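The file final-v4.csv contains CSV, C-alpha atoms:
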```csv
chain,number,residue,atom,x,y,z
A,301,MET,CA,19.2,-1.8,51.8
A,302,PRO,CA,21.5,-1.1,48.9
A,303,ASP,CA,19.9,-0.6,45.5
A,304,SER,CA,17.0,-2.9,46.2
A,305,THR,CA,15.3,-2.2,42.9
A,306,ALA,CA,18.1,-3.7,40.9
A,307,LEU,CA,18.0,-6.8,43.2
A,308,THR,CA,14.3,-7.5,42.7
A,309,ASP,CA,13.7,-6.4,39.1
A,310,ASP,CA,16.3,-8.0,36.9
A,311,THR,CA,15.1,-10.9,34.9
A,312,ALA,CA,17.1,-13.5,36.8
A,313,THR,CA,15.6,-12.4,40.1
A,314,LEU,CA,12.1,-12.4,38.6
A,315,LEU,CA,12.7,-16.0,37.5
A,316,HIS,CA,13.9,-16.9,40.9
A,317,ARG,CA,10.9,-15.3,42.5
A,318,CYS,CA,8.6,-17.3,40.1
A,319,ALA,CA,10.3,-20.5,41.4
A,320,TYR,CA,8.9,-19.5,44.8
A,321,GLY,CA,5.4,-19.0,43.5
A,322,ASP,CA,5.5,-15.2,43.2
A,323,ARG,CA,2.9,-14.3,40.7
A,324,THR,CA,3.7,-10.6,40.8
A,325,ALA,CA,7.1,-11.5,39.5
A,326,PHE,CA,5.5,-13.7,36.9
A,327,ARG,CA,3.4,-10.9,35.7
A,328,MET,CA,6.4,-8.6,35.6
A,329,LEU,CA,8.2,-11.1,33.4
A,330,TYR,CA,5.2,-11.2,31.1
A,331,ASP,CA,5.0,-7.4,30.9
A,332,ARG,CA,8.7,-7.2,30.2
A,333,TRP,CA,9.2,-10.2,27.9
A,334,GLY,CA,5.8,-11.0,26.5
A,335,ALA,CA,6.2,-9.0,23.3
A,336,LYS,CA,9.8,-10.2,22.7
A,337,LEU,CA,8.8,-13.9,23.1
A,338,HIS,CA,5.8,-13.5,21.0
A,339,GLY,CA,7.9,-11.8,18.3
A,340,ILE,CA,10.4,-14.8,18.4
A,341,ALA,CA,7.5,-17.3,18.1
A,342,LEU,CA,5.7,-15.4,15.4
A,343,ARG,CA,8.9,-15.3,13.3
A,344,ILE,CA,9.1,-19.1,13.5
A,345,VAL,CA,5.4,-20.2,13.2
A,346,ARG,CA,4.2,-17.2,11.0
A,347,GLN,CA,0.6,-17.6,12.1
A,348,PRO,CA,-0.5,-15.2,14.9
A,349,SER,CA,-2.8,-17.8,16.6
A,350,LEU,CA,-0.1,-20.5,16.6
A,351,ALA,CA,2.4,-17.9,17.8
A,352,ALA,CA,0.1,-17.1,20.7
A,353,ASP,CA,-0.1,-20.8,21.5
A,354,ALA,CA,3.7,-21.0,21.5
A,355,THR,CA,4.0,-17.9,23.7
A,356,GLN,CA,1.4,-19.2,26.1
A,357,GLU,CA,3.1,-22.6,26.4
A,358,ALA,CA,6.4,-20.9,26.9
A,359,PHE,CA,5.1,-18.8,29.8
A,360,VAL,CA,3.4,-21.8,31.4
A,361,GLN,CA,6.8,-23.5,31.2
A,362,ILE,CA,8.5,-20.5,32.6
A,363,TRP,CA,6.2,-20.6,35.6
A,364,GLN,CA,6.6,-24.3,36.0
A,365,GLN,CA,10.3,-24.5,35.3
A,366,ALA,CA,11.7,-21.3,36.7
A,367,HIS,CA,13.5,-23.3,39.3
A,368,ARG,CA,15.5,-24.9,36.5
A,369,PHE,CA,17.1,-21.6,35.6
A,370,ASP,CA,20.8,-21.8,36.5
A,371,PRO,CA,22.6,-18.5,36.0
A,372,GLU,CA,25.9,-20.4,35.6
A,373,ARG,CA,24.6,-22.1,32.5
A,374,GLY,CA,23.3,-19.0,30.7
A,375,SER,CA,21.5,-15.7,31.0
A,376,ALA,CA,17.9,-15.4,32.2
A,377,GLU,CA,17.1,-14.0,28.7
A,378,ALA,CA,18.6,-17.0,27.0
A,379,PHE,CA,16.5,-19.3,29.3
A,380,LEU,CA,13.3,-17.5,28.2
A,381,PHE,CA,14.2,-17.3,24.5
A,382,THR,CA,15.1,-21.0,24.4
A,383,LEU,CA,11.8,-22.0,25.9
A,384,VAL,CA,9.7,-20.1,23.4
A,385,ARG,CA,11.8,-21.2,20.5
A,386,TYR,CA,11.4,-24.8,21.4
A,387,ARG,CA,7.7,-24.5,21.8
A,388,ALA,CA,7.5,-22.7,18.4
A,389,LEU,CA,9.6,-25.3,16.7
A,390,ASP,CA,7.5,-28.1,18.2
A,391,ILE,CA,4.4,-26.4,16.8
A,392,VAL,CA,5.7,-25.6,13.4
A,393,ARG,CA,7.2,-29.0,12.9
A,394,ARG,CA,3.9,-30.8,13.8
A,395,THR,CA,1.4,-28.4,12.1
A,396,ALA,CA,1.2,-25.7,9.5
A,397,ARG,CA,4.1,-26.0,7.2
A,398,GLU,CA,4.0,-29.8,7.0
A,399,VAL,CA,0.4,-30.9,7.4
A,400,LEU,CA,-1.2,-28.0,5.5
A,401,GLY,CA,1.8,-27.2,3.3
A,402,TYR,CA,1.5,-23.7,4.8
A,403,GLU,CA,4.2,-21.4,3.6
A,404,GLY,CA,3.3,-18.3,5.5
A,405,GLU,CA,4.7,-14.9,4.5
A,406,ASP,CA,8.2,-14.7,3.4
A,407,ALA,CA,10.7,-13.9,6.1
A,408,PRO,CA,11.6,-10.3,6.4
A,409,ASP,CA,14.7,-9.5,4.4
A,410,ASP,CA,17.7,-10.6,6.4
A,411,SER,CA,20.5,-8.5,5.2
A,412,PRO,CA,23.7,-8.6,7.1
A,413,ASP,CA,22.5,-5.5,8.9
A,414,ILE,CA,20.2,-7.6,11.0
A,415,LEU,CA,23.2,-8.8,12.9
A,416,SER,CA,23.6,-5.3,14.2
A,417,ARG,CA,20.6,-6.0,16.4
A,418,MET,CA,22.8,-8.4,18.4
A,419,VAL,CA,25.2,-5.9,19.7
A,420,ALA,CA,23.2,-5.1,22.8
A,421,SER,CA,25.1,-7.7,24.8
A,422,SER,CA,28.7,-8.7,24.9
A,423,GLU,CA,27.7,-12.3,24.0
A,424,GLY,CA,25.9,-10.8,21.1
A,425,VAL,CA,28.9,-8.9,19.9
A,426,ALA,CA,31.1,-12.0,20.1
A,427,LEU,CA,28.5,-14.1,18.2
A,428,LYS,CA,28.0,-11.4,15.6
A,429,HIS,CA,31.8,-11.3,15.0
A,430,CYS,CA,31.9,-15.1,14.6
A,431,LEU,CA,28.9,-15.2,12.3
A,432,GLU,CA,30.6,-12.6,10.1
A,433,GLN,CA,33.6,-14.9,9.7
A,434,LEU,CA,31.3,-17.5,8.0
A,435,GLU,CA,30.9,-17.5,4.3
A,436,PRO,CA,27.7,-15.4,3.5
A,437,THR,CA,25.5,-18.3,2.4
A,438,ARG,CA,26.3,-20.3,5.5
A,439,ARG,CA,25.7,-17.3,7.7
A,440,THR,CA,22.3,-16.9,6.1
A,441,MET,CA,21.6,-20.6,6.7
A,442,VAL,CA,22.4,-20.3,10.3
A,443,THR,CA,20.4,-17.2,11.0
A,444,MET,CA,17.4,-18.4,9.0
A,445,ALA,CA,17.5,-21.7,10.8
A,446,PHE,CA,17.6,-20.0,14.2
A,447,VAL,CA,15.4,-17.0,13.7
A,448,ASP,CA,12.9,-18.4,11.2
A,449,GLY,CA,12.9,-22.0,12.4
A,450,PHE,CA,13.6,-23.5,9.0
A,451,SER,CA,14.5,-27.2,8.9
A,452,HIS,CA,17.3,-28.6,6.8
A,453,GLY,CA,14.7,-29.5,4.1
A,454,GLU,CA,13.2,-26.0,4.1
A,455,LEU,CA,16.6,-24.4,3.8
A,456,ALA,CA,17.4,-26.6,0.9
A,457,LEU,CA,14.2,-25.6,-0.8
A,458,LYS,CA,14.5,-21.9,0.0
A,459,LEU,CA,18.1,-21.6,-1.1
A,460,SER,CA,18.0,-24.1,-3.9
A,461,ILE,CA,20.9,-26.1,-2.5
A,462,PRO,CA,20.9,-29.9,-2.2
A,463,LEU,CA,19.8,-31.2,1.1
A,464,GLY,CA,23.1,-33.0,1.8
A,465,THR,CA,25.0,-29.8,1.2
A,466,VAL,CA,22.8,-27.9,3.6
A,467,LYS,CA,23.3,-30.4,6.3
A,468,SER,CA,27.1,-30.5,6.0
A,469,ALA,CA,27.3,-26.7,5.6
A,470,ILE,CA,25.3,-26.2,8.8
A,471,ARG,CA,27.5,-28.7,10.7
A,472,ARG,CA,30.7,-27.0,9.6
A,473,SER,CA,29.3,-23.6,10.4
A,474,LEU,CA,28.3,-24.7,13.9
A,475,LEU,CA,31.7,-26.1,14.6
A,476,ALA,CA,33.4,-23.0,13.2
A,477,LEU,CA,31.2,-20.9,15.4
A,478,ARG,CA,32.1,-23.0,18.4
A,479,GLU,CA,35.9,-22.6,17.7
A,480,CYS,CA,35.5,-18.9,17.0
A,481,LEU,CA,33.6,-18.3,20.2
A,482,ALA,CA,36.1,-20.3,22.3
A,483,ALA,CA,39.0,-18.3,20.8
B,250,MET,CA,34.6,-35.4,12.1
B,251,THR,CA,35.3,-37.0,15.4
B,252,ASP,CA,32.5,-38.7,17.4
B,253,ARG,CA,32.7,-35.9,19.9
B,254,ASP,CA,32.3,-33.3,17.1
B,255,GLU,CA,29.5,-35.4,15.7
B,256,SER,CA,27.7,-35.4,19.0
B,257,ASP,CA,28.3,-31.7,19.6
B,258,ALA,CA,27.2,-30.8,16.1
B,259,LEU,CA,24.0,-32.7,16.7
B,260,ALA,CA,23.5,-30.8,19.9
B,261,GLY,CA,24.0,-27.6,17.9
B,262,GLU,CA,21.5,-28.6,15.3
B,263,PHE,CA,19.0,-29.4,17.9
B,264,VAL,CA,19.3,-25.9,19.4
B,265,LEU,CA,19.4,-24.3,15.9
B,266,GLY,CA,16.2,-26.1,15.2
B,267,THR,CA,17.1,-27.7,11.9
B,268,LEU,CA,16.4,-31.3,12.8
B,269,ASP,CA,13.3,-33.0,11.3
B,270,PRO,CA,10.6,-34.1,13.8
B,271,GLU,CA,11.9,-37.6,14.2
B,272,GLU,CA,15.5,-36.5,14.7
B,273,ARG,CA,14.3,-33.8,17.1
B,274,ARG,CA,12.4,-36.4,19.2
B,275,ALA,CA,15.4,-38.7,19.3
B,276,ALA,CA,17.6,-35.8,20.5
B,277,GLU,CA,15.1,-34.9,23.2
B,278,GLN,CA,15.2,-38.4,24.5
B,279,ARG,CA,19.0,-38.3,24.4
B,280,ILE,CA,18.9,-35.0,26.4
B,281,ALA,CA,16.9,-36.8,29.1
B,282,GLN,CA,19.3,-39.8,29.3
B,283,ASP,CA,22.7,-38.5,28.4
B,284,PRO,CA,24.0,-35.8,30.7
B,285,ALA,CA,27.0,-35.1,28.5
B,286,PHE,CA,24.8,-34.5,25.6
B,287,ALA,CA,22.4,-32.3,27.7
B,288,GLY,CA,25.4,-30.3,28.7
B,289,ALA,CA,26.4,-29.8,25.1
B,290,VAL,CA,22.9,-28.6,24.3
B,291,ALA,CA,23.0,-26.2,27.2
B,292,ARG,CA,26.3,-24.8,25.9
B,293,TRP,CA,24.8,-24.3,22.4
B,294,GLU,CA,21.7,-22.6,23.9
B,295,ARG,CA,24.1,-20.2,25.5
B,296,ARG,CA,26.2,-19.6,22.4
B,297,LEU,CA,23.3,-19.1,20.0
B,298,ALA,CA,20.9,-17.2,22.2
B,299,PRO,CA,22.1,-13.7,21.1
B,300,MET,CA,20.6,-14.4,17.7
B,301,ALA,CA,17.2,-14.1,19.3
B,302,ALA,CA,17.8,-10.3,19.2
B,303,ILE,CA,17.1,-10.5,15.5
B,304,ALA,CA,13.4,-11.2,15.9
B,305,GLU,CA,11.5,-8.0,16.5
B,306,PRO,CA,9.1,-7.8,19.5
B,307,VAL,CA,5.4,-8.1,18.6
B,308,GLU,CA,2.6,-7.4,21.1
B,309,PRO,CA,0.8,-10.6,21.9
B,310,PRO,CA,-3.0,-10.7,21.6
B,311,ALA,CA,-4.9,-8.9,24.4
B,312,GLY,CA,-6.3,-12.1,26.0
B,313,LEU,CA,-3.1,-14.0,26.2
B,314,TRP,CA,-2.2,-13.1,29.8
B,315,ALA,CA,-5.6,-14.3,30.9
B,316,ARG,CA,-5.0,-17.6,29.2
B,317,ILE,CA,-1.6,-18.0,30.8
B,318,GLU,CA,-3.1,-17.2,34.2
B,319,GLN,CA,-5.8,-19.8,33.7
B,320,ALA,CA,-3.3,-22.4,32.6
B,321,THR,CA,-1.0,-21.8,35.5
B,322,GLY,CA,-3.8,-21.6,38.1
B,323,SER,CA,-3.8,-18.1,39.5
B,324,THR,CA,-4.6,-19.3,43.1
B,325,THR,CA,-1.6,-21.6,43.5
B,326,SER,CA,-0.9,-22.3,47.1
B,327,ASN,CA,2.3,-21.2,48.6
B,328,VAL,CA,3.6,-24.6,49.5
B,329,VAL,CA,3.5,-26.3,46.1
B,330,PRO,CA,5.9,-24.0,44.3
B,331,LEU,CA,8.4,-24.2,47.2
B,332,ARG,CA,8.7,-27.9,46.5
B,333,ARG,CA,9.7,-27.2,43.0
B,334,VAL,CA,12.9,-25.6,43.9
B,335,ARG,CA,15.6,-27.7,42.3
B,336,GLN,CA,16.6,-30.9,43.9
B,337,TRP,CA,20.3,-30.3,43.9
B,338,GLN,CA,19.7,-27.4,46.3
B,339,ILE,CA,19.1,-30.0,49.0
B,340,GLY,CA,22.8,-30.7,48.3
B,341,THR,CA,24.8,-31.7,51.3
B,342,ILE,CA,22.0,-31.5,53.8
B,343,ALA,CA,20.8,-34.9,55.0
B,344,SER,CA,17.8,-35.3,57.1
B,345,LEU,CA,16.1,-38.1,58.9
B,346,ALA,CA,12.9,-39.0,57.3
B,347,ILE,CA,10.2,-38.5,59.8
B,348,ALA,CA,6.6,-38.6,58.8
B,349,ALA,CA,4.7,-35.3,58.8
B,350,SER,CA,2.1,-36.8,61.0
B,351,LEU,CA,4.6,-36.6,63.9
B,352,ALA,CA,4.4,-32.9,63.5
B,353,ALA,CA,0.8,-33.0,64.6
B,354,PHE,CA,1.7,-35.0,67.6
B,355,LEU,CA,4.4,-32.5,68.6
B,356,VAL,CA,1.9,-29.6,68.2
B,357,LEU,CA,-0.5,-31.3,70.5
B,358,ARG,CA,2.1,-31.5,73.3
B,359,ARG,CA,2.8,-27.7,73.2
B,360,PRO,CA,0.7,-25.2,75.1
B,361,GLU,CA,-1.8,-23.8,72.7
B,362,PRO,CA,0.2,-22.7,69.7
B,363,ALA,CA,-1.7,-20.2,67.6
B,364,HIS,CA,0.1,-21.0,64.4
B,365,VAL,CA,2.1,-23.9,63.1
B,366,ALA,CA,4.4,-24.6,60.1
B,367,VAL,CA,6.0,-27.8,59.0
B,368,LEU,CA,9.3,-27.1,57.3
B,369,ALA,CA,10.2,-29.7,54.8
B,370,PRO,CA,13.0,-30.2,52.4
B,371,ILE,CA,12.1,-28.7,49.1
B,372,ALA,CA,12.2,-31.9,47.2
B,373,ASN,CA,10.4,-34.6,49.2
B,374,GLY,CA,8.1,-32.9,51.7
B,375,THR,CA,9.2,-34.9,54.7
B,376,ALA,CA,9.0,-32.8,57.9
B,377,VAL,CA,12.4,-31.8,59.2
B,378,LEU,CA,11.6,-28.8,61.3
B,379,LEU,CA,8.5,-27.8,63.1
B,380,ALA,CA,7.7,-24.2,63.8
B,381,THR,CA,5.0,-23.2,66.3
B,382,GLU,CA,4.0,-19.7,67.2
B,383,GLU,CA,2.1,-19.0,70.4
B,384,SER,CA,-0.3,-16.1,70.7
B,385,GLY,CA,2.4,-13.8,72.2
B,386,GLY,CA,4.5,-14.1,69.1
B,387,ARG,CA,6.9,-16.6,70.5
B,388,LEU,CA,8.1,-18.7,67.7
B,389,THR,CA,9.7,-22.0,68.4
B,390,ILE,CA,11.6,-24.0,65.8
B,391,ARG,CA,12.4,-27.5,66.6
B,392,PRO,CA,14.1,-30.2,64.5
B,393,ASN,CA,12.2,-33.4,63.8
B,394,GLY,CA,15.3,-35.4,63.6
B,395,ALA,CA,19.1,-34.9,63.2
B,396,ILE,CA,20.0,-32.2,60.7
B,397,GLN,CA,23.5,-32.2,59.3
B,398,VAL,CA,25.0,-29.0,58.1
B,399,PRO,CA,28.5,-28.7,56.5
B,400,THR,CA,31.0,-27.4,59.0
B,401,ASP,CA,31.6,-24.2,57.0
B,402,LYS,CA,27.9,-23.4,56.8
B,403,ASP,CA,25.0,-22.2,59.0
B,404,LEU,CA,21.3,-22.5,58.5
B,405,GLU,CA,19.5,-19.2,58.5
B,406,LEU,CA,15.8,-18.7,59.1
B,407,TRP,CA,13.7,-16.3,57.0
B,408,ALA,CA,10.2,-15.0,57.1
B,409,LEU,CA,8.5,-14.2,53.9
B,410,ALA,CA,5.2,-12.4,54.6
B,411,LYS,CA,2.4,-13.1,52.2
B,412,GLY,CA,2.6,-10.7,49.2
B,413,ASP,CA,6.2,-9.7,50.0
B,414,ALA,CA,8.9,-10.1,47.5
B,415,LYS,CA,11.8,-10.4,49.9
B,416,PRO,CA,12.2,-12.4,53.0
B,417,ARG,CA,13.2,-10.9,56.4
B,418,SER,CA,16.0,-12.6,58.3
B,419,LEU,CA,15.1,-14.1,61.6
B,420,GLY,CA,18.8,-15.0,62.2
B,421,VAL,CA,20.9,-18.1,62.2
B,422,LEU,CA,19.1,-21.3,63.1
B,423,PRO,CA,21.1,-23.8,65.2
B,424,VAL,CA,20.5,-27.4,64.2
B,425,ALA,CA,19.1,-28.0,67.7
B,426,GLY,CA,16.4,-25.4,67.1
B,427,ARG,CA,15.7,-22.0,68.5
B,428,ALA,CA,13.0,-19.9,70.1
B,429,LEU,CA,12.4,-16.3,69.4
B,430,ILE,CA,9.8,-13.6,69.4
B,431,ALA,CA,8.7,-12.9,65.9
B,432,SER,CA,5.0,-12.1,65.7
B,433,LEU,CA,4.4,-13.4,62.2
B,434,ALA,CA,1.1,-13.2,60.4
B,435,PRO,CA,-0.6,-16.4,59.3
B,436,ASP,CA,0.4,-17.5,55.7
B,437,THR,CA,3.9,-16.2,56.2
B,438,GLN,CA,6.4,-18.6,54.6
B,439,LEU,CA,9.2,-19.7,56.8
B,440,LEU,CA,12.3,-20.5,54.8
B,441,VAL,CA,15.6,-22.0,55.8
B,442,SER,CA,18.7,-21.3,53.6
B,443,LEU,CA,22.2,-22.6,53.7
B,444,GLU,CA,24.6,-19.7,54.3
B,445,PRO,CA,28.2,-19.0,55.2
B,446,ARG,CA,29.1,-19.3,58.9
B,447,GLY,CA,27.4,-16.5,60.8
B,448,GLY,CA,24.6,-16.0,58.3
B,449,SER,CA,24.0,-14.2,55.0
B,450,PRO,CA,26.4,-11.3,54.5
B,451,THR,CA,23.8,-9.5,52.4
B,452,GLY,CA,20.6,-9.5,54.4
B,453,GLN,CA,19.0,-11.7,51.8
B,454,PRO,CA,19.4,-15.5,51.2
B,455,THR,CA,22.6,-16.1,49.3
B,456,GLY,CA,22.6,-19.9,49.5
B,457,PRO,CA,20.0,-22.4,48.4
B,458,VAL,CA,16.7,-22.5,50.3
B,459,VAL,CA,16.7,-26.0,51.7
B,460,TYR,CA,13.5,-26.1,53.8
B,461,GLY,CA,10.3,-24.2,53.6
B,462,GLY,CA,6.8,-24.2,54.9
B,463,THR,CA,3.9,-21.9,55.5
B,464,LEU,CA,2.6,-20.8,58.8
B,465,SER,CA,-1.0,-21.7,59.3
B,466,ARG,CA,-3.6,-21.2,62.0
B,467,VAL,CA,-4.2,-24.1,64.2
B,468,ASN,CA,-7.9,-25.0,64.2
```

Rewritten as structure tokens:
Amino acid sequence: MPDSTALTDDTATLLHRCAYGDRTAFRMLYDRWGAKLHGIALRIVRQPSLAADATQEAFVQIWQQAHRFDPERGSAEAFLFTLVRYRALDIVRRTAREVLGYEGEDAPDDSPDILSRMVASSEGVALKHCLEQLEPTRRTMVTMAFVDGFSHGELALKLSIPLGTVKSAIRRSLLALRECLAA
Amino acid sequence: MTDRDESDALAGEFVLGTLDPEERRAAEQRIAQDPAFAGAVARWERRLAPMAAIAEPVEPPAGLWARIEQATGSTTSNVVPLRRVRQWQIGTIASLAIAASLAAFLVLRRPEPAHVAVLAPIANGTAVLLATEESGGRLTIRPNGAIQVPTDKDLELWALAKGDAKPRSLGVLPVAGRALIASLAPDTQLLVSLEPRGGSPTGQPTGPVVYGGTLSRVN
């Protein structure tokens, strides 16, 4: 059997095995991606207990929805990241920041250097290049929105920019990214 | 901004996460109802996903895995997850719907099978193939109705022993059924995948698994 380790251990294969009810594969996914997903959730919701909720919900969904992973639509990693981000966004939109006015700690300083963390994948290199083509304030808006889960309103408050301006800047930035990535 | 751009920007905002709760819920409903919009969302997920690299990993709390195990039911049966395999994988295979109870009838007519499995399409659970294993390890697979396979494809039968990660090929499965000596343990999953003519070139399923069932002891 040629290189069976690679066949069984990559994230896409682990997801596929989860779709067949393979709990060993599920545990391997958790061991490999638990900290990353928790880090993504924590960055968005800011509270460790809420982040744990988001991470838990994401893994429950991974188990239940592994069969939905379609390698032609995106990488296995993107599938995992998307699930945990949506759970974290759901939580943060319905709880802390709105209901309690919870602000949490300030986001870590997002200097342009943070983009250098994206170069591990070829998709990351391309997106980094395109983000760098955006005007700096717009680039900050896009990364803060994605990584920190800020809504239009929160971005307006944080950056002291009118809400309408934030909305149109985000839209233009997204369409510019789309064009750049297609080029 | 064109309508198309408008719609695509909304999909991008949904993925970016900037929509307020009401807008977010509306977008979720649209994803469920509007395949074009859902496709746009999927493309944005793919485009923006690399930004997830910016967030640093943080070890989750120690008890989290236990909570996840509890929430997902750590003793899940083998059959249920099989049915969750995506519906489109059924694809071009059409089967006559025959009640699973017929399987019991067929079993009774056979001489003392030791183990039996009902192989059903992944999506709806109607019996399509019946597998019986007699005590000598003779495995018989019979169709419960007409099975149609595209002319450029073959069905291939696989055995996935309990606890194993990878199935073992039991060879191509003609639509009329087949008998073979297999000596399978109870709780082995029998899977049928759609493969190129002559069977999988890799020794592992390459096409969708269209039918599956678990071999159980006959009481």

Handout entry: Residue hits in chain A, query chain B, radius 7 Å, all atoms listed in the file, as number ranges by chain
Key = A: 319-321, 334-336, 338-340, 343, 352, 356, 359-360, 367-368, 373-374, 378, 381-382, 389, 393, 414-415, 417-418, 423-424, 445-447, 449-452, 471, 474-475

Exercise for the section: Counting all atoms listed in the file, figure out which residue out of A:Ala483, A:Leu315, A:Ala426, A:Leu342 gets nearest to Ser375 (chain A). Expected result: A:Leu315

Practice task
May I ask for the distance between CA of Ser449 (chain B) and CA of Ala408 (chain B), given in Å to one decimal place?
Solution key: 14.0 Å

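Excluding Pro392 (chain B) itself and any same-chain residue fewer than 3 positions from it, the protein and nucleic acid residues within 6 Å of it, counting all atoms listed in the file, are Val377, Leu378 and Gly426 of chain B.
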
Problem - Spatial neighbours of Ile390 (chain B), 12 Å, only C-alpha atoms, chain gap at least 5 places, as a ChimeraX atom specification - result: /B:352,355-356,364-368,377-383,405-407,419,421-431,439-441,462,464

Exercise for the section: Please identify all polymer residues within 7 Å of Val384 (chain A), counting only C-alpha atoms, omitting same-chain residues fewer than 5 positions from it, and present them as a list in words. Expected result: Leu337, Ala341, Ala354, Thr355 and Ala358 of chain A

What does the file look like for those residues with C-alpha atoms, as a PDB file, keeping the file's coordinate frame?
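Writing the result to part_22.pdb gives the following:
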```pdb
ATOM      1  CA  LEU A 337       8.800 -13.900  23.100  1.00  0.00           C
ATOM      2  CA  ALA A 341       7.500 -17.300  18.100  1.00  0.00           C
ATOM      3  CA  ALA A 354       3.700 -21.000  21.500  1.00  0.00           C
ATOM      4  CA  THR A 355       4.000 -17.900  23.700  1.00  0.00           C
ATOM      5  CA  ALA A 358       6.400 -20.900  26.900  1.00  0.00           C
TER       6      ALA A 358
END
```
